[in-house]
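Below: the structure, in structure tokens.
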Amino acid sequence: MIMNISKLPIKNLPESERPYEKCQKLGVKALSDAELLAVIIKTGTKNIRSTELALHILNLCAQKGGLSGLCHLTLSDLQKVKGIGKVKAIQVLCAAELSIRISASAAAGKLNFNRPDTIAAYYMEEMRHYTQEHLMLMMFDTKNRLIKDCLMFKGTVNAAMINPREIFIEALKHDAVSIVLVHNHPSGDPAPSTEDIKVTRTMAHAGRLIGIQLLDHLIIGDHRYESLARYLAEN
């Protein structure tokens with residue numbers, strides 16, 4: 001009689017098929033995406049192994065653009081998977097959030113405010129997943145050190161919606177001498193729109209009037225970015 005491995009619980013599988021044992025013997029890199037996720041989920045249900053649950057979750061991710069789609073899933077999305085309750089759903093969401101924070105932490109060590117690529121890398125993993133536009137304000141002191149960054153706006157970033165007064169009040173509150181704006185394009189394409197250019201020019205002009213320099217305005221796409229300072233200098 002041929003044994004049907006797909007029907008066996010994890011504890012009855014050959015060691016080479018068990019994520020924990022496989023990781024211990026071969027290292028974490030030997031695990032597939034489903035096996036990594038199965039370790040996070042920990043246990044399956046009476047009739048569904050943790051690796052099968054993981055595959056169902058990865059199928060949801062595929063509908064949202066691949067493995068990175070894990071960061072787009074909601075508690076409700078995950079709980080629609082048979083065998084995934086609130087606890088397992090929260091475990092998966094926390095793992096996704098941890099991956100975003102690890103990426104930002106690694107990028108923070110290379111942050112150089114004279115290099116737009118390092119700023120883009122710092123925000124990339126978080127902002128590229130947003131389904132709405134977010135506008136971040138970075139504020140710097142006289143030695144070009146970051147004082148603080150904060151979310152200034154969520155929604156459509158255009159000249160009609162963005163109030164330069166609010167941004168510069170925040171900058172003055174923290175004694176900033178220069179600022180950088182960062183916002184995302186949910187489409188994944190960082191090419192600047194007419195409104196992006198208009199916002200940048202308006203902010204640069206307002207900054208000159210009150211003595212706070214706009215160093216750059218970065219647009220974050222999907223693993224791509226655009227520096228408006230560079231773009232306007234070249235066009």
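Labels used: A, B, ... for chains in the order of the structure tokens, numbers from 1 for residues in each chain, and numbers from 1 for ligands as shown.
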- Neighbour list for region 185-188 of chain A as a ChimeraX atom specification, cut-off 10 Å, only C-alpha atoms, skip fewer than 3 positions in-chain: /A:127-134,156-157,191-192,219-225
Output C-alpha atoms for every residue in the selection just made, as a PDB file, in the first residue's frame.
```
ATOM      1  CA  MET A 127       5.556  52.691   1.804  1.00  0.00           C
ATOM      2  CA  ARG A 128       5.537  50.516  -1.327  1.00  0.00           C
ATOM      3  CA  HIS A 129       2.768  48.416   0.227  1.00  0.00           C
ATOM      4  CA  TYR A 130       0.398  51.310   0.954  1.00  0.00           C
ATOM      5  CA  THR A 131      -2.827  51.342  -1.027  1.00  0.00           C
ATOM      6  CA  GLN A 132      -3.267  55.079  -0.380  1.00  0.00           C
ATOM      7  CA  GLU A 133      -0.799  57.919  -0.818  1.00  0.00           C
ATOM      8  CA  HIS A 134       1.028  58.934   2.357  1.00  0.00           C
ATOM      9  CA  THR A 156      -4.386  62.032  -2.696  1.00  0.00           C
ATOM     10  CA  VAL A 157      -1.217  64.134  -2.624  1.00  0.00           C
ATOM     11  CA  ALA A 191       7.105  58.854 -12.276  1.00  0.00           C
ATOM     12  CA  PRO A 192       6.149  62.343 -11.049  1.00  0.00           C
ATOM     13  CA  ILE A 219       8.316  59.517  -4.706  1.00  0.00           C
ATOM     14  CA  ILE A 220       8.326  55.864  -3.640  1.00  0.00           C
ATOM     15  CA  GLY A 221       7.133  53.223  -6.117  1.00  0.00           C
ATOM     16  CA  ASP A 222       7.487  49.449  -6.046  1.00  0.00           C
ATOM     17  CA  HIS A 223      11.243  48.935  -5.560  1.00  0.00           C
ATOM     18  CA  ARG A 224      11.739  52.186  -7.507  1.00  0.00           C
ATOM     19  CA  TYR A 225      11.845  55.826  -6.553  1.00  0.00           C
TER      20      TYR A 225
END
```
- Task: May I have the residues within 10 Å of region 36-46 of chain A as a VMD selection string, using only C-alpha atoms and disregarding those fewer than 4 positions away in the same chain?
- Result: chain A and resid 9 to 10 18 to 20 23 28 to 32 50 to 55 57 to 58 82 to 84 87 to 92 94 to 95
- Have a look at A:Cys150, A:Val180, A:Ile169, A:Leu214 and name the one nearest to Ala120 (chain A); count only C-alpha atoms. A:Val180
- Would you work out the distance separating CA of Ser103 (chain A) from CA of Tyr122 (chain A), expressed in Å to one decimal?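 Calculated distance between CA of Ser103 (chain A) and CA of Tyr122 (chain A) is 7.7 Å.
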- Query: Could you pull out all residues of region 5-206 of chain A with a DSSP call of strand (DSSP E) and give them as a VMD selection string?
  - Reply: chain A and resid 134 to 140 146 to 154 178 to 184
Let me see the file: selected residues, N, CA and C atoms, as a PDB file, in the first residue's frame.
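Once everything was written out, this is part-v1.pdb:
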```
ATOM      1  N   HIS A 134       0.637  58.403   1.051  1.00  0.00           N
ATOM      2  CA  HIS A 134       1.028  58.934   2.357  1.00  0.00           C
ATOM      3  C   HIS A 134       2.145  59.943   2.132  1.00  0.00           C
ATOM      4  N   LEU A 135       2.075  61.067   2.787  1.00  0.00           N
ATOM      5  CA  LEU A 135       3.124  62.083   2.682  1.00  0.00           C
ATOM      6  C   LEU A 135       3.867  62.182   4.006  1.00  0.00           C
ATOM      7  N   MET A 136       5.162  61.874   3.972  1.00  0.00           N
ATOM      8  CA  MET A 136       6.013  61.947   5.155  1.00  0.00           C
ATOM      9  C   MET A 136       6.852  63.215   5.116  1.00  0.00           C
ATOM     10  N   LEU A 137       7.059  63.790   6.286  1.00  0.00           N
ATOM     11  CA  LEU A 137       7.924  64.964   6.424  1.00  0.00           C
ATOM     12  C   LEU A 137       9.149  64.576   7.242  1.00  0.00           C
ATOM     13  N   MET A 138      10.341  64.802   6.674  1.00  0.00           N
ATOM     14  CA  MET A 138      11.598  64.599   7.395  1.00  0.00           C
ATOM     15  C   MET A 138      12.165  65.973   7.721  1.00  0.00           C
ATOM     16  N   MET A 139      12.589  66.161   8.984  1.00  0.00           N
ATOM     17  CA  MET A 139      13.090  67.467   9.428  1.00  0.00           C
ATOM     18  C   MET A 139      14.533  67.347   9.903  1.00  0.00           C
ATOM     19  N   PHE A 140      15.378  68.304   9.499  1.00  0.00           N
ATOM     20  CA  PHE A 140      16.806  68.253   9.793  1.00  0.00           C
ATOM     21  C   PHE A 140      17.289  69.509  10.525  1.00  0.00           C
ATOM     22  N   LEU A 146      18.816  64.133  11.242  1.00  0.00           N
ATOM     23  CA  LEU A 146      17.370  63.979  11.304  1.00  0.00           C
ATOM     24  C   LEU A 146      16.869  64.283  12.709  1.00  0.00           C
ATOM     25  N   ILE A 147      15.965  65.250  12.797  1.00  0.00           N
ATOM     26  CA  ILE A 147      15.340  65.580  14.077  1.00  0.00           C
ATOM     27  C   ILE A 147      14.163  64.635  14.318  1.00  0.00           C
ATOM     28  N   LYS A 148      13.343  64.508  13.286  1.00  0.00           N
ATOM     29  CA  LYS A 148      12.140  63.699  13.401  1.00  0.00           C
ATOM     30  C   LYS A 148      11.529  63.510  12.026  1.00  0.00           C
ATOM     31  N   ASP A 149      10.787  62.419  11.844  1.00  0.00           N
ATOM     32  CA  ASP A 149       9.946  62.296  10.654  1.00  0.00           C
ATOM     33  C   ASP A 149       8.521  62.027  11.120  1.00  0.00           C
ATOM     34  N   CYS A 150       7.551  62.462  10.367  1.00  0.00           N
ATOM     35  CA  CYS A 150       6.161  62.263  10.770  1.00  0.00           C
ATOM     36  C   CYS A 150       5.255  62.225   9.541  1.00  0.00           C
ATOM     37  N   LEU A 151       4.136  61.539   9.694  1.00  0.00           N
ATOM     38  CA  LEU A 151       3.134  61.466   8.640  1.00  0.00           C
ATOM     39  C   LEU A 151       2.325  62.760   8.650  1.00  0.00           C
ATOM     40  N   MET A 152       2.301  63.456   7.509  1.00  0.00           N
ATOM     41  CA  MET A 152       1.589  64.724   7.424  1.00  0.00           C
ATOM     42  C   MET A 152       0.251  64.604   6.705  1.00  0.00           C
ATOM     43  N   PHE A 153       0.146  63.607   5.835  1.00  0.00           N
ATOM     44  CA  PHE A 153      -1.074  63.529   5.044  1.00  0.00           C
ATOM     45  C   PHE A 153      -1.278  62.116   4.525  1.00  0.00           C
ATOM     46  N   LYS A 154      -2.544  61.716   4.455  1.00  0.00           N
ATOM     47  CA  LYS A 154      -2.905  60.406   3.916  1.00  0.00           C
ATOM     48  C   LYS A 154      -4.071  60.609   2.967  1.00  0.00           C
ATOM     49  N   SER A 178      15.961  72.499   7.412  1.00  0.00           N
ATOM     50  CA  SER A 178      15.710  71.925   6.086  1.00  0.00           C
ATOM     51  C   SER A 178      14.782  70.728   6.227  1.00  0.00           C
ATOM     52  N   ILE A 179      14.122  70.396   5.129  1.00  0.00           N
ATOM     53  CA  ILE A 179      13.158  69.290   5.146  1.00  0.00           C
ATOM     54  C   ILE A 179      13.263  68.470   3.858  1.00  0.00           C
ATOM     55  N   VAL A 180      12.773  67.253   3.924  1.00  0.00           N
ATOM     56  CA  VAL A 180      12.591  66.397   2.757  1.00  0.00           C
ATOM     57  C   VAL A 180      11.165  65.850   2.830  1.00  0.00           C
ATOM     58  N   LEU A 181      10.467  65.872   1.719  1.00  0.00           N
ATOM     59  CA  LEU A 181       9.148  65.260   1.635  1.00  0.00           C
ATOM     60  C   LEU A 181       9.282  63.895   0.961  1.00  0.00           C
ATOM     61  N   VAL A 182       8.514  62.938   1.430  1.00  0.00           N
ATOM     62  CA  VAL A 182       8.510  61.590   0.845  1.00  0.00           C
ATOM     63  C   VAL A 182       7.059  61.141   0.725  1.00  0.00           C
ATOM     64  N   HIS A 183       6.660  60.755  -0.476  1.00  0.00           N
ATOM     65  CA  HIS A 183       5.325  60.171  -0.593  1.00  0.00           C
ATOM     66  C   HIS A 183       5.365  59.013  -1.579  1.00  0.00           C
ATOM     67  N   ASN A 184       4.347  58.174  -1.514  1.00  0.00           N
ATOM     68  CA  ASN A 184       4.307  56.953  -2.325  1.00  0.00           C
ATOM     69  C   ASN A 184       3.270  57.054  -3.434  1.00  0.00           C
TER      70      ASN A 184
END
```
- Query: Contacts of Arg101 (chain A) at 10 Å or less, counting only C-alpha atoms, minus same-chain residues fewer than 3 places along, as a list in words?
  - Reply: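 Residues near the query, excluding close chain neighbours: Ala95, Ala96, Glu97, Leu98, Ala104, Ser105, Ala106, Ala107, Tyr122, Tyr123, Glu125 and Glu126 of chain A.
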- Please run DSSP on the backbone and report, as a PyMOL selection string, all residues within region 21-59 of chain A that come out as alpha helix (DSSP H). chain A and resi 21-26+33-41+50-59
